[in-house]
Amino acid sequence: MPQPANPVLIDDLVIANHILVNQGVLDGFGHISTRHDKDPGRFLIARSMAPGLVTADDVVQVDLDGKVHDDRGRHTYVERFIHSEIYRARPDVQAVIHSHSPAVIPFGITGARLRPICHMSGFLGAQTPVFEIRHSAGESSDLLIRNQDLGKALADCLGQAAVALLRGHGNVVTGISIQQVVFRAIYTESNARLQSEAMRMGEINFLTPGEAEATADMNDQHLDRPWQVWKKQALQRS
Ligand code: MN
């Protein structure tokens with residue numbers, strides 16, 4: 001019998017699924033997890049299903065080897081190793097999102113690097129790493145993070161960054177809470193869209209590393225404000 005997690009945490013995870021669909025970060029694919037509040041060796045994630053349909057009853061527990069612990073024997077996403085290996089490598093991380101949010105994709109497949117262009121996305125830091133799965137899985141993989149070795153290689157590429165891109169696939173976003181990781185995923189998509197537009201206009205004046213750090217700290221003081229409105233909008237539409 002898995003140790004029950006805080007019901008508030010489960011409710012926040014459920015609403016985060018709906019917010020991320022509503023904000024165009026997740027669609028029929030992608031997932032968000034949060035570390036178990038009483039067992040740091042486990043995380044909570046929906047069973048394998050569309051994020052927009054997730055309820056509290058769909059949340060299962062997974063350990064850091066990617067093994068699901070569920071009384072009903074349910075399965076979760078094949079790419080759960082993204083989450084398990086990041087939680088293993090990064091004790092500071094309490095929540096992870098993997099998405100295919102569209103505006104970010106071009107930055108994984110070209111020489112253009114995703115960097116913070118405005119004060120809402122300072123968490124991107126100096127530069128966003130890009131994970132090249134060919135280095136681990138060869139020339140003919142399906143690009144999915146399907147096992148522990150690929151999850152570890154991705155976590156190594158992420159390092160201490162907040163966000164990493166997966167070439168030809170999507171991105172992974174980390175945070176110290178569900179509210180922070182949702183904020184970051186939404187503004188990663190927004191920064192990518194705006195950076196693409198700005199690149200067509202001319203040379204970009206990016207945030208300095210110091211500005212990136214200061215604006216990230218500032219935004220972390222106000223995470224509840226956007227969370228409340230995104231939550232209300234998601235509830236109205238679900
Ligand atoms: Mn994926």
# chains A, B, ... in the order shown; residues from 1 in each chain; ligands from 1
$ residues_near_ligand --ligand "ligand 1" --cutoff "10 Å" --atoms "only C-alpha atoms and all ligand atoms" --output "JSON, numbers by chain"
{"A": [29, 30, 31, 77, 78, 79, 80, 82, 98, 99, 100, 143, 144, 145, 146, 166, 168, 169, 170, 171, 172]}
$ select_by_dssp --residues "segment 97-182 of chain A" --states "strand (DSSP E)" --output "PyMOL selection string"
chain A and resi 97-99+130-131+163-166+170-175
$ residues_around --residues "His135 of chain A" --least-positions-apart "5" --cutoff "12 Å" --atoms "only C-alpha atoms" --output "PyMOL selection string"
chain A and resi 130+140-141+143+149-150+153-154+157+167
$ write_last_selection --atoms "N, CA and C atoms" --output "compact mmCIF listing (two decimals), in the first residue's frame"
# COMPACT_ATOMS: atom_id res chain seq x y z
N VAL A 130 20.49 21.89 -25.08
CA VAL A 130 19.72 21.08 -26.03
C VAL A 130 20.23 19.64 -25.94
N SER A 140 18.51 5.93 -35.35
CA SER A 140 17.19 5.40 -35.75
C SER A 140 16.22 5.29 -34.58
N SER A 141 16.41 6.07 -33.52
CA SER A 141 15.50 5.97 -32.38
C SER A 141 14.19 6.68 -32.69
N LEU A 143 13.02 8.84 -30.69
CA LEU A 143 13.24 10.11 -29.97
C LEU A 143 12.64 10.15 -28.56
N ASP A 149 18.74 4.86 -18.90
CA ASP A 149 19.97 5.40 -19.49
C ASP A 149 19.70 6.70 -20.25
N LEU A 150 18.61 6.73 -21.01
CA LEU A 150 18.28 7.95 -21.74
C LEU A 150 17.85 9.06 -20.78
N ALA A 153 21.01 10.47 -19.31
CA ALA A 153 21.71 11.32 -20.29
C ALA A 153 21.03 12.69 -20.40
N LEU A 154 19.71 12.69 -20.38
CA LEU A 154 18.97 13.95 -20.42
C LEU A 154 19.23 14.77 -19.16
N CYS A 157 22.51 16.43 -19.33
CA CYS A 157 22.47 17.59 -20.23
C CYS A 157 21.81 18.78 -19.54
N ARG A 167 15.94 17.78 -28.83
CA ARG A 167 16.00 18.04 -30.27
C ARG A 167 14.91 17.26 -31.03
$ closest_residue --among "A:Leu13, A:Pro51, A:Ile45, A:Pro226" --to "Gly28 of chain A" --atoms "only C-alpha atoms"
A:Pro51
$ select_by_dssp --residues "segment 73-231 of chain A" --states "alpha helix (DSSP H)" --output "MDAnalysis selection string"
chainID A and resid 80:89 105:109 134:137 148:158 178:201 209:220 224:231
$ residues_around --residues "His83 of chain A" --least-positions-apart "6" --cutoff "9 Å" --atoms "only C-alpha atoms" --output "PDB file with N, CA and C atoms, in the first residue's frame"
ATOM      1  N   ILE A  32       3.080  16.242 -16.353  1.00  0.00           N
ATOM      2  CA  ILE A  32       3.650  16.960 -15.208  1.00  0.00           C
ATOM      3  C   ILE A  32       3.670  16.022 -14.019  1.00  0.00           C
ATOM      4  N   SER A  33       4.734  16.123 -13.231  1.00  0.00           N
ATOM      5  CA  SER A  33       4.840  15.329 -12.000  1.00  0.00           C
ATOM      6  C   SER A  33       5.264  16.238 -10.862  1.00  0.00           C
ATOM      7  N   THR A  34       5.081  15.742  -9.632  1.00  0.00           N
ATOM      8  CA  THR A  34       5.622  16.418  -8.460  1.00  0.00           C
ATOM      9  C   THR A  34       6.188  15.368  -7.519  1.00  0.00           C
ATOM     10  N   PHE A  43       7.645   9.980  -6.943  1.00  0.00           N
ATOM     11  CA  PHE A  43       6.928  11.149  -7.459  1.00  0.00           C
ATOM     12  C   PHE A  43       5.521  10.755  -7.869  1.00  0.00           C
ATOM     13  N   LEU A  64      12.178   6.135  -8.188  1.00  0.00           N
ATOM     14  CA  LEU A  64      13.221   6.754  -9.008  1.00  0.00           C
ATOM     15  C   LEU A  64      13.877   5.777  -9.990  1.00  0.00           C
ATOM     16  N   GLY A  66      11.710   4.294 -11.949  1.00  0.00           N
ATOM     17  CA  GLY A  66      10.651   4.308 -12.956  1.00  0.00           C
ATOM     18  C   GLY A  66       9.597   3.240 -12.752  1.00  0.00           C
ATOM     19  N   ALA A  95       9.223  19.486  -8.958  1.00  0.00           N
ATOM     20  CA  ALA A  95       8.194  19.325  -9.990  1.00  0.00           C
ATOM     21  C   ALA A  95       8.847  19.391 -11.367  1.00  0.00           C
ATOM     22  N   VAL A  96       8.310  18.582 -12.296  1.00  0.00           N
ATOM     23  CA  VAL A  96       8.883  18.460 -13.645  1.00  0.00           C
ATOM     24  C   VAL A  96       7.740  18.441 -14.664  1.00  0.00           C
ATOM     25  N   ILE A  97       7.942  19.163 -15.761  1.00  0.00           N
ATOM     26  CA  ILE A  97       6.991  19.108 -16.885  1.00  0.00           C
ATOM     27  C   ILE A  97       7.748  18.695 -18.141  1.00  0.00           C
ATOM     28  N   HIS A  98       7.186  17.724 -18.848  1.00  0.00           N
ATOM     29  CA  HIS A  98       7.681  17.434 -20.199  1.00  0.00           C
ATOM     30  C   HIS A  98       6.571  17.765 -21.174  1.00  0.00           C
ATOM     31  N   GLY A 151      17.124   8.682 -19.729  1.00  0.00           N
ATOM     32  CA  GLY A 151      16.734   9.669 -18.718  1.00  0.00           C
ATOM     33  C   GLY A 151      17.949  10.274 -18.044  1.00  0.00           C
TER      34      GLY A 151
END
$ residues_around --residues "segment 107-114 of chain A" --least-positions-apart "6" --cutoff "10 Å" --atoms "only C-alpha atoms" --output "number ranges by chain"
A: 124-132, 163-171, 188, 191-192, 195-196, 199
$ atom_distance --atom1 "atom CA of Tyr187 of chain A" --atom2 "atom CA of Ile105 of chain A"
14.4 Å
